[in-house]
Every structure is written in C-alpha cells, then in structure tokens.
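What follows is the content of work10.txt, which has compact mmCIF, C-alpha atoms:
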# COMPACT_ATOMS: atom_id res chain seq x y z
CA MET A 1 5.42 -4.43 48.47
CA SER A 2 4.46 -7.04 50.96
CA THR A 3 3.33 -4.64 53.66
CA LEU A 4 0.78 -1.85 53.86
CA ARG A 5 2.78 0.10 56.43
CA PRO A 6 4.43 3.17 54.91
CA GLU A 7 8.20 3.39 55.05
CA PRO A 8 9.39 7.00 54.90
CA ARG A 9 12.89 6.32 53.54
CA ARG A 10 11.71 4.15 50.71
CA THR A 11 8.88 6.54 49.88
CA SER A 12 11.24 9.49 49.64
CA THR A 13 13.65 7.47 47.50
CA ALA A 14 10.89 6.56 45.09
CA VAL A 15 9.79 10.18 44.94
CA VAL A 16 13.30 11.41 44.20
CA ARG A 17 13.43 9.10 41.21
CA LEU A 18 10.20 10.51 39.83
CA VAL A 19 11.45 14.06 40.43
CA TYR A 20 14.35 13.41 38.07
CA PHE A 21 11.98 11.94 35.49
CA ALA A 22 9.51 14.82 35.84
CA ALA A 23 12.30 17.36 35.32
CA ALA A 24 13.64 15.53 32.26
CA ALA A 25 10.16 15.28 30.74
CA MET A 26 9.60 19.00 31.33
CA VAL A 27 12.93 19.95 29.72
CA LEU A 28 12.09 17.82 26.69
CA SER A 29 8.59 19.28 26.48
CA GLY A 30 10.03 22.79 26.84
CA ALA A 31 12.42 22.25 23.93
CA VAL A 32 9.56 20.92 21.82
CA HIS A 33 7.46 24.00 22.55
CA VAL A 34 10.34 26.29 21.56
CA VAL A 35 10.57 24.39 18.25
CA GLN A 36 6.84 24.77 17.63
CA GLY A 37 6.97 28.46 18.51
CA THR A 38 9.97 29.09 16.25
CA ALA A 39 8.25 27.41 13.32
CA ALA A 40 5.12 29.50 13.93
CA LEU A 41 7.12 32.74 14.18
CA ARG A 42 8.84 32.01 10.87
CA GLY A 43 5.55 31.19 9.18
CA ASP A 44 6.90 27.78 8.37
CA GLU A 45 5.19 25.97 5.53
CA VAL A 46 5.05 22.69 7.40
CA LEU A 47 2.30 24.34 9.43
CA SER A 48 -0.98 24.13 7.60
CA THR A 49 -3.25 27.14 7.50
CA ARG A 50 -6.89 26.27 7.61
CA PRO A 51 -8.98 29.13 6.34
CA THR A 52 -11.39 28.97 9.23
CA TYR A 53 -9.04 28.29 12.13
CA LEU A 54 -7.87 31.12 14.40
CA ASP A 55 -7.58 33.67 11.59
CA SER A 56 -5.71 30.92 9.71
CA GLU A 57 -2.24 32.16 10.72
CA PRO A 58 0.01 30.47 13.28
CA GLY A 59 1.66 33.87 13.58
CA PRO A 60 3.49 35.88 16.26
CA PHE A 61 0.94 35.34 19.02
CA TRP A 62 1.09 31.53 18.94
CA GLY A 63 4.79 31.61 18.18
CA TRP A 64 5.77 33.72 21.17
CA LEU A 65 3.26 31.91 23.38
CA HIS A 66 4.91 28.56 22.67
CA VAL A 67 8.43 29.95 23.05
CA ALA A 68 7.43 31.47 26.41
CA ILE A 69 5.81 28.22 27.56
CA GLY A 70 8.98 26.34 26.61
CA VAL A 71 11.24 28.71 28.55
CA VAL A 72 9.00 28.61 31.64
CA LEU A 73 8.87 24.79 31.47
CA VAL A 74 12.67 24.52 31.52
CA ALA A 75 13.02 27.13 34.30
CA THR A 76 10.36 25.38 36.41
CA ALA A 77 12.08 22.04 35.87
CA VAL A 78 15.23 23.52 37.43
CA GLY A 79 13.17 24.73 40.41
CA VAL A 80 11.66 21.26 40.83
CA LEU A 81 15.13 19.70 40.80
CA LEU A 82 16.23 22.15 43.52
CA GLY A 83 13.41 20.86 45.70
CA SER A 84 11.10 23.87 45.79
CA PRO A 85 7.46 23.03 46.64
CA ARG A 86 6.35 26.23 44.87
CA ALA A 87 8.15 25.12 41.72
CA LEU A 88 6.28 21.82 41.93
CA ALA A 89 2.94 23.63 42.10
CA GLY A 90 4.08 25.90 39.28
CA ALA A 91 5.17 22.85 37.30
CA ALA A 92 1.67 21.39 37.51
CA GLY A 93 0.19 24.72 36.38
CA ILE A 94 2.55 25.35 33.44
CA THR A 95 2.27 21.75 32.26
CA VAL A 96 -1.51 22.05 32.09
CA VAL A 97 -1.18 25.35 30.19
CA ALA A 98 1.34 23.72 27.84
CA ALA A 99 -1.00 20.77 27.26
CA VAL A 100 -3.85 23.11 26.34
CA ALA A 101 -1.55 25.09 24.02
CA SER A 102 -0.47 21.82 22.39
CA PHE A 103 -4.10 20.90 21.83
CA VAL A 104 -4.73 24.26 20.16
CA PHE A 105 -1.60 23.71 18.02
CA ILE A 106 -2.89 20.38 16.65
CA PRO A 107 -4.70 21.87 13.60
CA PHE A 108 -1.52 23.75 12.62
CA TYR A 109 0.53 20.58 12.62
CA PRO A 110 -1.24 17.52 14.06
CA THR A 111 1.81 15.31 14.60
CA TRP A 112 3.77 17.93 16.51
CA GLY A 113 0.72 18.88 18.54
CA VAL A 114 -0.06 15.30 19.55
CA VAL A 115 3.55 14.43 20.46
CA SER A 116 3.82 17.64 22.47
CA LEU A 117 0.52 16.90 24.22
CA LEU A 118 1.68 13.39 25.16
CA LEU A 119 4.98 14.72 26.53
CA ASN A 120 3.10 17.16 28.74
CA GLY A 121 0.78 14.40 29.89
CA THR A 122 3.80 12.28 30.84
CA ALA A 123 5.37 15.16 32.77
CA LEU A 124 2.07 15.87 34.52
CA TYR A 125 1.78 12.24 35.63
CA ALA A 126 5.22 12.41 37.25
CA ILE A 127 4.56 15.82 38.84
CA GLY A 128 1.23 14.64 40.21
CA THR A 129 2.74 11.50 41.70
CA VAL A 130 5.53 13.49 43.35
CA GLY A 131 3.07 16.06 44.69
CA THR A 132 0.65 13.54 46.16
CA THR A 133 3.38 11.45 47.77
CA GLY A 134 4.54 14.36 49.91
CA ARG A 135 7.68 14.79 52.03
CA TRP A 136 9.70 15.12 48.84
CA ALA A 137 10.79 18.71 49.49
CA LYS A 138 12.50 17.80 52.78
CA THR A 139 14.47 15.11 51.00
CA GLY A 140 15.82 17.62 48.50
CA ALA A 141 15.62 16.18 45.05
CA ALA A 142 19.03 17.32 43.90
CA ARG A 143 20.60 15.48 46.82
CA PRO A 144 20.64 11.73 46.36
CA PRO A 145 18.96 9.79 49.14
CA GLN A 146 21.11 8.52 52.00
CA THR A 147 22.77 5.40 50.82
CA GLY A 148 22.85 2.60 53.29
CA GLY A 149 22.59 -0.42 51.10
CA LEU A 150 19.30 -2.17 50.86
CA PRO A 151 16.54 -1.61 53.39
CA ARG A 152 16.87 -4.08 56.23
CA MET B 1 24.71 -9.01 39.82
CA SER B 2 24.79 -9.50 43.55
CA LEU B 3 23.00 -7.93 46.47
CA THR B 4 24.93 -5.45 48.58
CA ASP B 5 23.86 -7.21 51.75
CA PRO B 6 23.72 -11.00 51.66
CA SER B 7 21.43 -11.05 54.70
CA SER B 8 18.78 -8.92 53.03
CA SER B 9 15.16 -9.78 53.45
CA SER B 10 13.30 -11.22 50.52
CA ARG B 11 11.65 -7.82 50.07
CA GLY B 12 15.09 -6.25 49.65
CA GLU B 13 15.99 -8.90 47.13
CA GLY B 14 12.80 -8.23 45.19
CA ARG B 15 13.63 -4.55 45.14
CA ALA B 16 17.17 -5.19 43.92
CA ILE B 17 15.88 -7.50 41.22
CA PHE B 18 13.39 -4.85 40.12
CA ALA B 19 16.13 -2.21 39.99
CA ALA B 20 18.41 -4.51 38.02
CA SER B 21 15.64 -5.31 35.57
CA VAL B 22 15.00 -1.59 35.07
CA VAL B 23 18.69 -1.04 34.24
CA ILE B 24 18.64 -3.86 31.74
CA PHE B 25 15.40 -2.49 30.29
CA ALA B 26 16.91 1.00 29.91
CA GLY B 27 20.12 -0.34 28.39
CA VAL B 28 18.42 -2.59 25.88
CA THR B 29 15.89 0.10 24.93
CA LEU B 30 18.69 2.62 24.38
CA ALA B 31 20.50 0.09 22.18
CA LEU B 32 17.27 -0.27 20.20
CA VAL B 33 17.09 3.52 19.82
CA GLY B 34 20.66 3.45 18.55
CA VAL B 35 19.94 0.79 15.94
CA PHE B 36 16.75 2.51 14.74
CA GLN B 37 18.44 5.86 14.47
CA ILE B 38 21.38 4.42 12.54
CA LEU B 39 18.97 2.76 10.09
CA GLN B 40 17.02 5.99 9.73
CA GLY B 41 20.28 7.85 9.09
CA ILE B 42 21.56 5.31 6.55
CA VAL B 43 18.38 5.71 4.53
CA ALA B 44 18.77 9.49 4.62
CA VAL B 45 22.41 9.33 3.49
CA PHE B 46 22.02 6.76 0.71
CA ASP B 47 18.49 7.45 -0.51
CA ASP B 48 18.13 11.21 -0.74
CA ASP B 49 14.72 10.98 -2.34
CA PHE B 50 13.14 8.80 0.33
CA TYR B 51 12.40 11.66 2.68
CA VAL B 52 10.21 14.45 1.37
CA VAL B 53 9.65 17.64 3.29
CA THR B 54 7.76 20.84 2.61
CA ARG B 55 9.87 23.56 1.07
CA ASN B 56 11.09 26.27 3.44
CA TYR B 57 10.99 24.08 6.52
CA THR B 58 12.67 26.13 9.24
CA PHE B 59 14.86 23.24 10.38
CA ASP B 60 15.69 21.98 6.91
CA LEU B 61 19.13 20.48 6.62
CA ASP B 62 20.37 18.53 3.67
CA PRO B 63 18.95 14.99 4.03
CA SER B 64 22.43 13.50 4.13
CA ALA B 65 23.45 16.00 6.84
CA TRP B 66 20.45 14.84 8.87
CA GLY B 67 21.43 11.27 8.03
CA TRP B 68 24.95 11.58 9.41
CA LEU B 69 23.53 13.29 12.50
CA HIS B 70 21.18 10.34 13.08
CA ILE B 71 24.01 7.85 12.54
CA LEU B 72 26.17 9.75 15.04
CA PHE B 73 23.35 9.72 17.61
CA GLY B 74 22.83 6.01 17.01
CA VAL B 75 26.48 5.11 17.49
CA VAL B 76 26.73 7.21 20.66
CA ALA B 77 23.51 5.63 21.97
CA LEU B 78 24.90 2.12 21.39
CA GLY B 79 28.08 2.98 23.29
CA ILE B 80 26.16 4.43 26.21
CA ALA B 81 23.83 1.42 26.21
CA ALA B 82 26.87 -0.82 26.68
CA GLY B 83 27.96 1.41 29.58
CA LEU B 84 24.50 1.24 31.15
CA LEU B 85 24.45 -2.54 30.99
CA SER B 86 27.82 -2.62 32.74
CA GLY B 87 26.37 -0.38 35.47
CA ALA B 88 28.60 2.66 34.94
CA MET B 89 27.50 5.92 36.61
CA TRP B 90 28.68 8.08 33.68
CA ALA B 91 26.44 6.03 31.41
CA ARG B 92 23.35 6.92 33.47
CA ILE B 93 23.94 10.65 33.13
CA ALA B 94 24.98 10.34 29.49
CA ALA B 95 21.91 8.20 28.75
CA VAL B 96 19.50 10.87 30.00
CA ILE B 97 21.33 13.56 27.99
CA VAL B 98 21.59 11.59 24.75
CA ALA B 99 17.98 10.33 25.00
CA THR B 100 16.76 13.91 25.49
CA LEU B 101 18.83 15.21 22.56
CA SER B 102 17.73 12.27 20.40
CA ALA B 103 14.08 13.00 21.19
CA MET B 104 14.59 16.69 20.29
CA ALA B 105 16.33 15.81 17.02
CA ASN B 106 13.56 13.39 16.12
CA PHE B 107 10.89 15.96 16.93
CA LEU B 108 12.57 18.23 14.35
CA TRP B 109 12.73 15.19 12.06
CA ILE B 110 8.95 14.53 12.24
CA PRO B 111 8.17 16.45 9.01
CA TYR B 112 10.55 14.16 7.10
CA PHE B 113 9.12 10.84 8.24
CA PRO B 114 6.72 11.03 11.18
CA VAL B 115 6.24 7.40 12.14
CA TRP B 116 9.92 6.48 12.58
CA ALA B 117 10.54 9.73 14.44
CA ILE B 118 7.65 9.12 16.85
CA VAL B 119 8.72 5.54 17.55
CA ILE B 120 12.20 6.76 18.48
CA ILE B 121 10.85 9.62 20.65
CA ALA B 122 8.65 7.14 22.55
CA LEU B 123 11.62 4.82 23.14
CA ASP B 124 13.74 7.80 24.29
CA VAL B 125 11.13 8.68 26.92
CA LEU B 126 11.15 5.05 28.12
CA VAL B 127 14.95 5.20 28.41
CA ILE B 128 14.79 8.38 30.52
CA TRP B 129 12.15 6.76 32.74
CA GLY B 130 14.20 3.60 33.19
CA VAL B 131 17.45 5.40 33.94
CA THR B 132 15.88 7.73 36.52
CA GLN B 133 14.13 4.84 38.29
CA TYR B 134 17.42 3.11 39.03
CA GLN B 135 19.61 4.20 41.94
CA PRO B 136 23.15 2.89 42.28
CA ASP B 137 22.65 1.80 45.90
CA ASP B 138 20.05 -0.70 44.77
CA VAL B 139 22.42 -3.20 43.27
CA VAL B 140 26.08 -3.93 42.88
CA VAL B 141 26.71 -4.87 39.30

Encoding of this model in structure tokens:
Amino acid sequence: MSTLRPEPRRTSTAVVRLVYFAAAAMVLSGAVHVVQGTAALRGDEVLSTRPTYLDSEPGPFWGWLHVAIGVVLVATAVGVLLGSPRALAGAAGITVVAAVASFVFIPFYPTWGVVSLLLNGTALYAIGTVGTTGRWAKTGAARPPQTGGLPR
Amino acid sequence: MSLTDPSSSSRGEGRAIFAASVVIFAGVTLALVGVFQILQGIVAVFDDDFYVVTRNYTFDLDPSAWGWLHILFGVVALGIAAGLLSGAMWARIAAVIVATLSAMANFLWIPYFPVWAIVIIALDVLVIWGVTQYQPDDVVV
C-alpha cells in the first residue's frame, strides 16, 4: 500500500477474503473437536489417563463438551459466512472456549490438543481481523465483492 | 498472466502480482501436500509394520486401507493443484474442500505417525489461506 488513505472497496474485499478463511478454519477446528470428543466418549486407548488429572478419565463430560463445541463451531461458521455480526461475535466467543478446552485436553493426548489449539488460534486471528476491520457485514460475505477489474 | 486493465496504476499492478503469487503459492503447496500424502500412503500400503497404533483406536482402519485413502487424497490434490495453477474456478472450491478433508484425515492419522500428519495439516491450512486470499477479478490467467 502506497497510501495511508483508507479505500472502502479494497478494505471490504480484503475482509471478505478473511471471512472465507475464518469460516474454513472454524469448520476444520469443529471437525477436530468432534473427533476428540468421540474418542473421549469411547474411552479410546490413545488417550492417556494420568492418575492425578481430572479424575483420570476423559469420559462423557469431556466427550460431549468437545462434540458440542465442534457442532457450535460449524454452525457459527455458517452464520459468519451469511454475514451476521452476531455470528462474528459468537465466533470469537466459541473459538476462545474451544481453545481453552483444547488446552485442557492436552494431557489426555498432547498432539491432538496442541494441533486443535493452533487451529483455534488461527481461526481467532482471522475472526479478530475481520471484526476490527469493520463494514464487513454490509458487504455480505457470501456475496462476492463487486467486480470491476482492478482498482483505478 | 496479464492485467485486466492495461492502464492500471502501479499499485493495481502490485496487487495483481500479489494475487498471482498467492495462487501460485497455493497451487504449489497443494501439490506438495499431494506428494507427501502419496508417500505416506505408499509406506502404509507396502510396509504394514511401519505404523504402530494403540489397540482399540476408535478410528482404526487397516493400515493399507488408510494407505490407499492417503494415496487417493494425494492424487486428487495433485490434480486440483494443476487446476489451481491454470486459474480454474472449480479448482479453487475443490482445493478448499480437499485441503479441509485432508487435514481431517491427517488429524485422525496422528496416532499412527504424528510428525508427518502434522506437517500435512499445516500445509493444508496454508493452502486454504492462499486460495481464500485470491479473488478471480484480481488477475486474468
């Protein structure tokens, strides 16, 4: 950028791009949480049970919690794509919750927990950038920006 | 690649060049994902004992079944990468879908061999970023 003056059209275009990325990252993160939850619900042996950690069982509570987080993540991603400002606020909230849940999951299975945490961090970066740029809701993320060739 | 408007300002040209470089980045990265996943699959198919997983893993398939799945993903990814580099719209949508599915499959694959799986997941996320940052009105390919 060679100028400091804001250009609304270009700003909204850039935001639309990040909206798509935020939604994709949330869908991926949601799927990952459902996987973690399913493994916990089935008492999967890949999950380690430390005798002193959270009653040592990644049982129904953590399982259903992660499944629920995954479902809400995917649903919120759809709302974000439809251009709802409330969904964007909700996306920030659920992504933070998901990140915390991932952190708690780390002792059960460190690799899954860390990957899941990083995915949520990536989604949160995109959501935060979209939210602070503003004007995105009027553009309507699901609608591509007006095409008029390159900016003159 | 050429600019849509020959009289564009240098700023417009810079933007088009950035967009084009992002497409090339996404295409090449997706091709890399394809190659890695094919290699990972070949090892699973031909060396059953290479991958060890805890018994009773919820998402346990036969290693060679996982292997063929990875090979399939890899081949599809290579095809879509070629489409991306030629600027096709279908390839952009397909790239996001296949990169997401590949990342999910490799998340399930983590217990078998974590490091390869994580490398591929990271590349998949880069592909999704690259594809979503490129808009077709930026460049004519």

I need the residue nearest B:Trp116 from this list: B:Phe59, B:Ala26, B:Gly14, B:Val43. Use only C-alpha atoms for the distance. B:Val43

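Reported to one decimal place, the separation of atom CA of A:Ala75 from atom CA of A:Ala101 is 17.9 Å.
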
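Counting from atom CA of B:Asn56, the distance to atom CA of A:Asn120 is 28.1 Å.
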
From B:Val96, B:Trp109, B:Ala117, B:Trp68, residue lying nearest A:Tyr20 [only C-alpha atoms]: B:Val96

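Take atom CA of B:Leu85 and atom CA of B:Leu39: the distance between them is 22.2 Å.
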
Just give me the residues with any atom within 10 Å of (18.6, 10.7, 25.6), file coordinates, counting all atoms listed in the file, written as an mmCIF file with C-alpha atoms, keeping the file's coordinate frame.
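Final output, part-v7.cif:
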data_model
loop_
_atom_site.group_PDB
_atom_site.id
_atom_site.type_symbol
_atom_site.label_atom_id
_atom_site.label_comp_id
_atom_site.auth_asym_id
_atom_site.auth_seq_id
_atom_site.Cartn_x
_atom_site.Cartn_y
_atom_site.Cartn_z
ATOM 1 C CA ALA A 24 13.640 15.530 32.260
ATOM 2 C CA LEU A 28 12.090 17.820 26.690
ATOM 3 C CA LEU B 30 18.690 2.620 24.380
ATOM 4 C CA VAL B 33 17.090 3.520 19.820
ATOM 5 C CA PHE B 73 23.350 9.720 17.610
ATOM 6 C CA ALA B 77 23.510 5.630 21.970
ATOM 7 C CA ILE B 80 26.160 4.430 26.210
ATOM 8 C CA ARG B 92 23.350 6.920 33.470
ATOM 9 C CA ILE B 93 23.940 10.650 33.130
ATOM 10 C CA ALA B 94 24.980 10.340 29.490
ATOM 11 C CA ALA B 95 21.910 8.200 28.750
ATOM 12 C CA VAL B 96 19.500 10.870 30.000
ATOM 13 C CA ILE B 97 21.330 13.560 27.990
ATOM 14 C CA VAL B 98 21.590 11.590 24.750
ATOM 15 C CA ALA B 99 17.980 10.330 25.000
ATOM 16 C CA THR B 100 16.760 13.910 25.490
ATOM 17 C CA LEU B 101 18.830 15.210 22.560
ATOM 18 C CA SER B 102 17.730 12.270 20.400
ATOM 19 C CA ALA B 103 14.080 13.000 21.190
ATOM 20 C CA MET B 104 14.590 16.690 20.290
ATOM 21 C CA ILE B 121 10.850 9.620 20.650
ATOM 22 C CA LEU B 123 11.620 4.820 23.140
ATOM 23 C CA ASP B 124 13.740 7.800 24.290
ATOM 24 C CA VAL B 125 11.130 8.680 26.920
ATOM 25 C CA LEU B 126 11.150 5.050 28.120
ATOM 26 C CA VAL B 127 14.950 5.200 28.410
ATOM 27 C CA ILE B 128 14.790 8.380 30.520
ATOM 28 C CA VAL B 131 17.450 5.400 33.940
#

Do you know which residues are at most 9 Å from A:Ile69 counting all atoms listed in the file, after dropping those on the same chain fewer than 4 positions away, and could you put them as a PyMOL selection string? chain A and resi 30+33-34+64-65+73-74+94-95+97-98+101

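Minimum atom-to-atom distances from B:Ala91, B:Val53, B:Ile17, B:Ile24 to B:Val76 were compared using all atoms listed in the file, and the lowest value belongs to B:Ala91.
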
Which residues come within 8 Å of A:Val32, counting all atoms listed in the file, excluding same-chain residues fewer than 5 positions away, as a PyMOL selection string? (chain A and resi 70+116) or (chain B and resi 104+107)

Block slice stretch 70-98 of chain A, N, CA and C atoms, emitted as a CSV table (one decimal), in the first residue's frame:
chain,number,residue,atom,x,y,z
A,70,GLY,N,-17.6,-28.6,18.8
A,70,GLY,CA,-17.4,-28.8,17.4
A,70,GLY,C,-18.7,-28.4,16.6
A,71,VAL,N,-19.8,-28.9,17.1
A,71,VAL,CA,-21.1,-28.5,16.4
A,71,VAL,C,-21.3,-27.0,16.4
A,72,VAL,N,-21.1,-26.4,17.5
A,72,VAL,CA,-21.4,-24.9,17.6
A,72,VAL,C,-20.4,-24.2,16.7
A,73,LEU,N,-19.1,-24.7,16.6
A,73,LEU,CA,-18.1,-24.0,15.7
A,73,LEU,C,-18.6,-24.1,14.3
A,74,VAL,N,-19.1,-25.2,13.8
A,74,VAL,CA,-19.5,-25.4,12.4
A,74,VAL,C,-20.7,-24.5,12.2
A,75,ALA,N,-21.7,-24.5,13.1
A,75,ALA,CA,-22.9,-23.7,13.0
A,75,ALA,C,-22.6,-22.2,12.9
A,76,THR,N,-21.7,-21.8,13.8
A,76,THR,CA,-21.3,-20.4,13.8
A,76,THR,C,-20.5,-20.0,12.6
A,77,ALA,N,-19.8,-20.9,12.0
A,77,ALA,CA,-19.0,-20.6,10.8
A,77,ALA,C,-20.0,-20.3,9.7
A,78,VAL,N,-21.2,-21.1,9.6
A,78,VAL,CA,-22.2,-20.8,8.6
A,78,VAL,C,-22.8,-19.4,8.8
A,79,GLY,N,-23.0,-19.0,10.1
A,79,GLY,CA,-23.6,-17.7,10.4
A,79,GLY,C,-22.6,-16.6,9.9
A,80,VAL,N,-21.3,-16.8,10.1
A,80,VAL,CA,-20.3,-15.8,9.7
A,80,VAL,C,-20.3,-15.7,8.2
A,81,LEU,N,-20.4,-16.8,7.5
A,81,LEU,CA,-20.4,-16.8,6.0
A,81,LEU,C,-21.6,-16.0,5.5
A,82,LEU,N,-22.8,-16.1,6.3
A,82,LEU,CA,-24.0,-15.4,5.9
A,82,LEU,C,-23.9,-13.9,6.2
A,83,GLY,N,-22.9,-13.5,6.9
A,83,GLY,CA,-22.7,-12.1,7.1
A,83,GLY,C,-23.3,-11.5,8.4
A,84,SER,N,-23.6,-12.4,9.4
A,84,SER,CA,-24.2,-11.9,10.6
A,84,SER,C,-23.2,-11.4,11.6
A,85,PRO,N,-23.3,-10.1,12.0
A,85,PRO,CA,-22.4,-9.6,13.0
A,85,PRO,C,-22.5,-10.3,14.3
A,86,ARG,N,-23.7,-10.8,14.7
A,86,ARG,CA,-23.8,-11.6,15.9
A,86,ARG,C,-23.0,-12.9,15.8
A,87,ALA,N,-23.1,-13.5,14.7
A,87,ALA,CA,-22.3,-14.7,14.5
A,87,ALA,C,-20.8,-14.5,14.6
A,88,LEU,N,-20.4,-13.3,14.2
A,88,LEU,CA,-19.0,-13.0,14.3
A,88,LEU,C,-18.6,-12.9,15.7
A,89,ALA,N,-19.4,-12.2,16.5
A,89,ALA,CA,-19.1,-12.1,18.0
A,89,ALA,C,-19.2,-13.4,18.6
A,90,GLY,N,-20.2,-14.2,18.2
A,90,GLY,CA,-20.3,-15.6,18.8
A,90,GLY,C,-19.1,-16.4,18.4
A,91,ALA,N,-18.6,-16.2,17.1
A,91,ALA,CA,-17.4,-17.0,16.6
A,91,ALA,C,-16.2,-16.7,17.5
A,92,ALA,N,-16.0,-15.4,17.9
A,92,ALA,CA,-14.9,-15.1,18.7
A,92,ALA,C,-15.0,-15.8,20.1
A,93,GLY,N,-16.3,-15.8,20.6
A,93,GLY,CA,-16.5,-16.4,21.9
A,93,GLY,C,-16.3,-17.9,21.9
A,94,ILE,N,-16.9,-18.6,20.9
A,94,ILE,CA,-16.8,-20.1,20.9
A,94,ILE,C,-15.4,-20.5,20.6
A,95,THR,N,-14.6,-19.7,19.8
A,95,THR,CA,-13.3,-20.1,19.5
A,95,THR,C,-12.4,-20.0,20.7
A,96,VAL,N,-12.6,-19.0,21.5
A,96,VAL,CA,-11.9,-18.9,22.8
A,96,VAL,C,-12.2,-20.1,23.7
A,97,VAL,N,-13.5,-20.4,23.8
A,97,VAL,CA,-13.9,-21.6,24.6
A,97,VAL,C,-13.2,-22.8,24.1
A,98,ALA,N,-13.2,-23.0,22.8
A,98,ALA,CA,-12.7,-24.2,22.1
A,98,ALA,C,-11.2,-24.2,22.4
